Amino acid sequence: MEASSRAVCVYCASADGVDPVYREAGRTLGTLLARAGWTVIYGGSRMGVMGALADGALAAGGQVVGIMPEFLRKLEIEHEELSEFHVVEDMRIRKHRMLAQSSAVIALPGGCGTFEELMEAITLRKLGVHSHPIYIINTEGYYDPLLVLFEGAEKAGFFARSSKYFSVVATAAEAVAALQNEHRP
């Protein structure tokens, strides 16, 4: 699959034991992206927020592309109803393909993997490798500690004007509205 101007890379968790508010945020985002005509590119899992995201998009008639490293596939967590499913060698290739095939990034709440993917996307934008808009959905204030960390990095001179590289929104609806506004024909 090649890069699409109507594809969005979504970072989120596959953990199942999370508060239902996070799964609902994923499902809502998937639904709204599909209704707005966006293809969802994500990690390919059927579990947790990832599964809810894919289920929401698919139920709304959207296209969903999963990209999963072989070692995770062996754990049998892949979503079997996706529009496309690609197996890659490792996480590095997965991250590269997810970002390269998209024209925007949205981060829902997640754990270490989500943090790492989001940090890489922000870093690559800061370095000029891509110019994708990046939206952080701060469901229930989940990302508040990270935002405080960014503020501290700015004050210490390590990270100038982080708001230049990403936007923070409270809900999936706000993220999709911002995305639509950014990508007007």
# chains A, B, ... in the order shown; residues from 1 in each chain; ligands from 1
call {"tool": "select_by_dssp", "arguments": {"residues": "region 26-99 of chain A", "states": "strand (DSSP E)", "output": "list of chain:residue names"}}
result
A:Thr39, A:Val40, A:Ile41, A:Tyr42, A:Val64, A:Val65, A:Gly66, A:Ile67, A:Met68, A:Pro69, A:Glu84, A:Phe85, A:His86, A:Val87, A:Val88
call {"tool": "residues_around", "arguments": {"residues": "Val49 (chain A)", "least_positions_apart": "2", "cutoff": "10 Å", "atoms": "only C-alpha atoms", "output": "MDAnalysis selection string"}}
result
chainID A and resid 11:27 45:47 51:55 108:110
call {"tool": "write_last_selection", "arguments": {"atoms": "N, CA and C atoms", "output": "CSV table (one decimal), in the first residue's frame"}}
result
chain,number,residue,atom,x,y,z
A,11,TYR,N,-2.1,5.5,16.7
A,11,TYR,CA,-1.3,4.8,17.8
A,11,TYR,C,-2.2,4.6,19.0
A,12,CYS,N,-2.3,3.4,19.5
A,12,CYS,CA,-3.1,3.1,20.7
A,12,CYS,C,-2.7,1.7,21.2
A,13,ALA,N,-3.3,1.3,22.3
A,13,ALA,CA,-2.9,0.1,23.0
A,13,ALA,C,-3.8,-1.1,22.6
A,14,SER,N,-3.1,-2.3,22.8
A,14,SER,CA,-3.8,-3.5,22.6
A,14,SER,C,-4.1,-4.2,23.9
A,15,ALA,N,-3.8,-3.6,25.0
A,15,ALA,CA,-4.1,-4.1,26.3
A,15,ALA,C,-5.6,-4.2,26.6
A,16,ASP,N,-6.0,-5.4,27.0
A,16,ASP,CA,-7.4,-5.6,27.3
A,16,ASP,C,-8.0,-5.1,28.6
A,17,GLY,N,-7.2,-5.0,29.6
A,17,GLY,CA,-7.7,-4.7,30.9
A,17,GLY,C,-7.8,-3.2,31.2
A,18,VAL,N,-8.0,-2.3,30.2
A,18,VAL,CA,-8.1,-0.9,30.5
A,18,VAL,C,-9.5,-0.4,30.8
A,19,ASP,N,-9.6,0.7,31.3
A,19,ASP,CA,-10.9,1.3,31.6
A,19,ASP,C,-11.7,1.4,30.3
A,20,PRO,N,-13.0,1.0,30.4
A,20,PRO,CA,-13.8,1.1,29.1
A,20,PRO,C,-13.9,2.4,28.5
A,21,VAL,N,-13.6,3.5,29.2
A,21,VAL,CA,-13.7,4.8,28.6
A,21,VAL,C,-12.6,4.9,27.5
A,22,TYR,N,-11.5,4.3,27.6
A,22,TYR,CA,-10.5,4.3,26.6
A,22,TYR,C,-10.9,3.5,25.3
A,23,ARG,N,-11.5,2.3,25.6
A,23,ARG,CA,-12.0,1.5,24.4
A,23,ARG,C,-13.0,2.3,23.7
A,24,GLU,N,-13.9,3.0,24.4
A,24,GLU,CA,-15.0,3.7,23.8
A,24,GLU,C,-14.4,4.9,23.0
A,25,ALA,N,-13.3,5.5,23.5
A,25,ALA,CA,-12.7,6.6,22.7
A,25,ALA,C,-12.1,6.0,21.4
A,26,GLY,N,-11.6,4.8,21.4
A,26,GLY,CA,-11.1,4.1,20.2
A,26,GLY,C,-12.2,3.8,19.2
A,27,ARG,N,-13.3,3.2,19.7
A,27,ARG,CA,-14.4,2.9,18.9
A,27,ARG,C,-15.0,4.2,18.2
A,45,SER,N,-4.2,-5.3,15.8
A,45,SER,CA,-4.7,-6.1,16.8
A,45,SER,C,-6.2,-6.1,16.9
A,46,ARG,N,-6.8,-7.2,17.4
A,46,ARG,CA,-8.2,-7.3,17.7
A,46,ARG,C,-8.5,-7.0,19.2
A,47,MET,N,-7.5,-6.7,19.9
A,47,MET,CA,-7.6,-6.5,21.4
A,47,MET,C,-7.6,-5.0,21.8
A,51,GLY,N,-8.5,-2.9,19.0
A,51,GLY,CA,-9.6,-3.7,18.5
A,51,GLY,C,-10.9,-2.8,18.4
A,52,ALA,N,-11.1,-2.0,19.4
A,52,ALA,CA,-12.3,-1.1,19.4
A,52,ALA,C,-12.2,-0.1,18.3
A,53,LEU,N,-11.0,0.4,18.0
A,53,LEU,CA,-10.8,1.4,16.9
A,53,LEU,C,-11.2,0.7,15.6
A,54,ALA,N,-10.6,-0.5,15.3
A,54,ALA,CA,-10.9,-1.2,14.1
A,54,ALA,C,-12.4,-1.5,14.0
A,55,ASP,N,-12.9,-2.0,15.0
A,55,ASP,CA,-14.4,-2.4,15.0
A,55,ASP,C,-15.2,-1.2,14.7
A,108,LEU,N,-4.2,7.9,20.6
A,108,LEU,CA,-5.1,7.6,21.7
A,108,LEU,C,-4.3,7.2,22.9
A,109,PRO,N,-4.9,7.1,24.1
A,109,PRO,CA,-4.1,6.6,25.2
A,109,PRO,C,-3.6,5.2,25.0
A,110,GLY,N,-2.4,5.0,25.5
A,110,GLY,CA,-1.7,3.7,25.4
A,110,GLY,C,-0.6,3.6,26.3
call {"tool": "closest_residue", "arguments": {"among": "A:Leu118, A:Leu33, A:Ala160, A:Glu89", "to": "Leu146 (chain A)", "atoms": "only C-alpha atoms"}}
result
A:Leu118
call {"tool": "closest_residue", "arguments": {"among": "A:Gly56, A:Gly157, A:Gly62, A:Gly30", "to": "Val10 (chain A)", "atoms": "only C-alpha atoms"}}
result
A:Gly30
call {"tool": "closest_residue", "arguments": {"among": "A:Met98, A:Ala177, A:Ala36, A:Ala57", "to": "Ala121 (chain A)", "atoms": "only C-alpha atoms"}}
result
A:Met98
call {"tool": "decode", "arguments": {"residues": "region 55-70 of chain A", "atoms": "all heavy atoms", "output": "PDB file, in the first residue's frame"}}
result
ATOM      1  N   ASP A  55     -12.940  -2.048  15.048  1.00  0.00           N
ATOM      2  CA  ASP A  55     -14.350  -2.433  15.023  1.00  0.00           C
ATOM      3  C   ASP A  55     -15.250  -1.244  14.717  1.00  0.00           C
ATOM      4  O   ASP A  55     -16.207  -1.353  13.942  1.00  0.00           O
ATOM      5  CB  ASP A  55     -14.769  -3.071  16.353  1.00  0.00           C
ATOM      6  CG  ASP A  55     -14.141  -4.440  16.569  1.00  0.00           C
ATOM      7  OD1 ASP A  55     -13.646  -5.050  15.594  1.00  0.00           O
ATOM      8  OD2 ASP A  55     -14.133  -4.895  17.732  1.00  0.00           O
ATOM      9  N   GLY A  56     -14.951  -0.089  15.317  1.00  0.00           N
ATOM     10  CA  GLY A  56     -15.742   1.111  15.062  1.00  0.00           C
ATOM     11  C   GLY A  56     -15.669   1.532  13.611  1.00  0.00           C
ATOM     12  O   GLY A  56     -16.679   1.847  12.974  1.00  0.00           O
ATOM     13  N   ALA A  57     -14.464   1.525  13.042  1.00  0.00           N
ATOM     14  CA  ALA A  57     -14.289   1.927  11.642  1.00  0.00           C
ATOM     15  C   ALA A  57     -14.959   0.933  10.703  1.00  0.00           C
ATOM     16  O   ALA A  57     -15.660   1.332   9.753  1.00  0.00           O
ATOM     17  CB  ALA A  57     -12.807   2.061  11.309  1.00  0.00           C
ATOM     18  N   LEU A  58     -14.782  -0.349  10.948  1.00  0.00           N
ATOM     19  CA  LEU A  58     -15.373  -1.359  10.079  1.00  0.00           C
ATOM     20  C   LEU A  58     -16.902  -1.329  10.143  1.00  0.00           C
ATOM     21  O   LEU A  58     -17.568  -1.433   9.103  1.00  0.00           O
ATOM     22  CB  LEU A  58     -14.851  -2.748  10.452  1.00  0.00           C
ATOM     23  CG  LEU A  58     -13.367  -2.988  10.152  1.00  0.00           C
ATOM     24  CD1 LEU A  58     -12.886  -4.258  10.839  1.00  0.00           C
ATOM     25  CD2 LEU A  58     -13.114  -3.033   8.650  1.00  0.00           C
ATOM     26  N   ALA A  59     -17.460  -1.156  11.335  1.00  0.00           N
ATOM     27  CA  ALA A  59     -18.919  -1.098  11.482  1.00  0.00           C
ATOM     28  C   ALA A  59     -19.514   0.096  10.752  1.00  0.00           C
ATOM     29  O   ALA A  59     -20.663   0.057  10.309  1.00  0.00           O
ATOM     30  CB  ALA A  59     -19.299  -1.059  12.967  1.00  0.00           C
ATOM     31  N   ALA A  60     -18.711   1.158  10.595  1.00  0.00           N
ATOM     32  CA  ALA A  60     -19.169   2.356   9.890  1.00  0.00           C
ATOM     33  C   ALA A  60     -18.836   2.302   8.398  1.00  0.00           C
ATOM     34  O   ALA A  60     -18.981   3.291   7.686  1.00  0.00           O
ATOM     35  CB  ALA A  60     -18.554   3.603  10.523  1.00  0.00           C
ATOM     36  N   GLY A  61     -18.371   1.138   7.922  1.00  0.00           N
ATOM     37  CA  GLY A  61     -18.089   0.963   6.510  1.00  0.00           C
ATOM     38  C   GLY A  61     -16.730   1.463   6.069  1.00  0.00           C
ATOM     39  O   GLY A  61     -16.486   1.638   4.870  1.00  0.00           O
ATOM     40  N   GLY A  62     -15.820   1.689   7.001  1.00  0.00           N
ATOM     41  CA  GLY A  62     -14.511   2.232   6.667  1.00  0.00           C
ATOM     42  C   GLY A  62     -13.497   1.186   6.264  1.00  0.00           C
ATOM     43  O   GLY A  62     -13.715  -0.023   6.424  1.00  0.00           O
ATOM     44  N   GLN A  63     -12.385   1.682   5.761  1.00  0.00           N
ATOM     45  CA  GLN A  63     -11.245   0.844   5.394  1.00  0.00           C
ATOM     46  C   GLN A  63     -10.261   0.856   6.552  1.00  0.00           C
ATOM     47  O   GLN A  63      -9.921   1.920   7.076  1.00  0.00           O
ATOM     48  CB  GLN A  63     -10.564   1.392   4.134  1.00  0.00           C
ATOM     49  CG  GLN A  63     -11.447   1.373   2.908  1.00  0.00           C
ATOM     50  CD  GLN A  63     -11.745  -0.051   2.470  1.00  0.00           C
ATOM     51  OE1 GLN A  63     -10.845  -0.843   2.241  1.00  0.00           O
ATOM     52  NE2 GLN A  63     -13.022  -0.375   2.383  1.00  0.00           N
ATOM     53  N   VAL A  64      -9.786  -0.326   6.924  1.00  0.00           N
ATOM     54  CA  VAL A  64      -8.847  -0.449   8.035  1.00  0.00           C
ATOM     55  C   VAL A  64      -7.684  -1.331   7.603  1.00  0.00           C
ATOM     56  O   VAL A  64      -7.889  -2.457   7.155  1.00  0.00           O
ATOM     57  CB  VAL A  64      -9.516  -1.042   9.294  1.00  0.00           C
ATOM     58  CG1 VAL A  64      -8.528  -1.114  10.453  1.00  0.00           C
ATOM     59  CG2 VAL A  64     -10.748  -0.238   9.682  1.00  0.00           C
ATOM     60  N   VAL A  65      -6.486  -0.794   7.753  1.00  0.00           N
ATOM     61  CA  VAL A  65      -5.265  -1.504   7.383  1.00  0.00           C
ATOM     62  C   VAL A  65      -4.480  -1.805   8.648  1.00  0.00           C
ATOM     63  O   VAL A  65      -4.137  -0.897   9.406  1.00  0.00           O
ATOM     64  CB  VAL A  65      -4.409  -0.649   6.419  1.00  0.00           C
ATOM     65  CG1 VAL A  65      -3.100  -1.364   6.088  1.00  0.00           C
ATOM     66  CG2 VAL A  65      -5.191  -0.309   5.155  1.00  0.00           C
ATOM     67  N   GLY A  66      -4.190  -3.079   8.873  1.00  0.00           N
ATOM     68  CA  GLY A  66      -3.380  -3.487  10.013  1.00  0.00           C
ATOM     69  C   GLY A  66      -1.981  -3.853   9.565  1.00  0.00           C
ATOM     70  O   GLY A  66      -1.814  -4.499   8.529  1.00  0.00           O
ATOM     71  N   ILE A  67      -0.995  -3.441  10.345  1.00  0.00           N
ATOM     72  CA  ILE A  67       0.401  -3.778  10.068  1.00  0.00           C
ATOM     73  C   ILE A  67       0.980  -4.359  11.356  1.00  0.00           C
ATOM     74  O   ILE A  67       1.024  -3.682  12.374  1.00  0.00           O
ATOM     75  CB  ILE A  67       1.204  -2.549   9.606  1.00  0.00           C
ATOM     76  CG1 ILE A  67       0.563  -1.939   8.343  1.00  0.00           C
ATOM     77  CG2 ILE A  67       2.665  -2.945   9.343  1.00  0.00           C
ATOM     78  CD1 ILE A  67       1.188  -0.648   7.877  1.00  0.00           C
ATOM     79  N   MET A  68       1.385  -5.629  11.292  1.00  0.00           N
ATOM     80  CA  MET A  68       1.814  -6.326  12.506  1.00  0.00           C
ATOM     81  C   MET A  68       3.109  -7.101  12.260  1.00  0.00           C
ATOM     82  O   MET A  68       3.240  -7.780  11.251  1.00  0.00           O
ATOM     83  CB  MET A  68       0.718  -7.302  12.945  1.00  0.00           C
ATOM     84  CG  MET A  68       0.999  -8.038  14.229  1.00  0.00           C
ATOM     85  SD  MET A  68      -0.360  -9.126  14.718  1.00  0.00           S
ATOM     86  CE  MET A  68      -1.534  -7.924  15.346  1.00  0.00           C
ATOM     87  N   PRO A  69       4.047  -7.013  13.193  1.00  0.00           N
ATOM     88  CA  PRO A  69       5.252  -7.830  13.080  1.00  0.00           C
ATOM     89  C   PRO A  69       4.928  -9.314  13.278  1.00  0.00           C
ATOM     90  O   PRO A  69       4.008  -9.657  14.028  1.00  0.00           O
ATOM     91  CB  PRO A  69       6.153  -7.331  14.201  1.00  0.00           C
ATOM     92  CG  PRO A  69       5.495  -6.148  14.779  1.00  0.00           C
ATOM     93  CD  PRO A  69       4.085  -6.125  14.333  1.00  0.00           C
ATOM     94  N   GLU A  70       5.688 -10.148  12.645  1.00  0.00           N
ATOM     95  CA  GLU A  70       5.476 -11.598  12.698  1.00  0.00           C
ATOM     96  C   GLU A  70       5.412 -12.118  14.131  1.00  0.00           C
ATOM     97  O   GLU A  70       4.559 -12.938  14.461  1.00  0.00           O
ATOM     98  CB  GLU A  70       6.578 -12.324  11.916  1.00  0.00           C
ATOM     99  CG  GLU A  70       6.427 -13.835  11.891  1.00  0.00           C
ATOM    100  CD  GLU A  70       5.187 -14.320  11.164  1.00  0.00           C
ATOM    101  OE1 GLU A  70       4.816 -13.731  10.138  1.00  0.00           O
ATOM    102  OE2 GLU A  70       4.577 -15.315  11.632  1.00  0.00           O
TER     103      GLU A  70
END
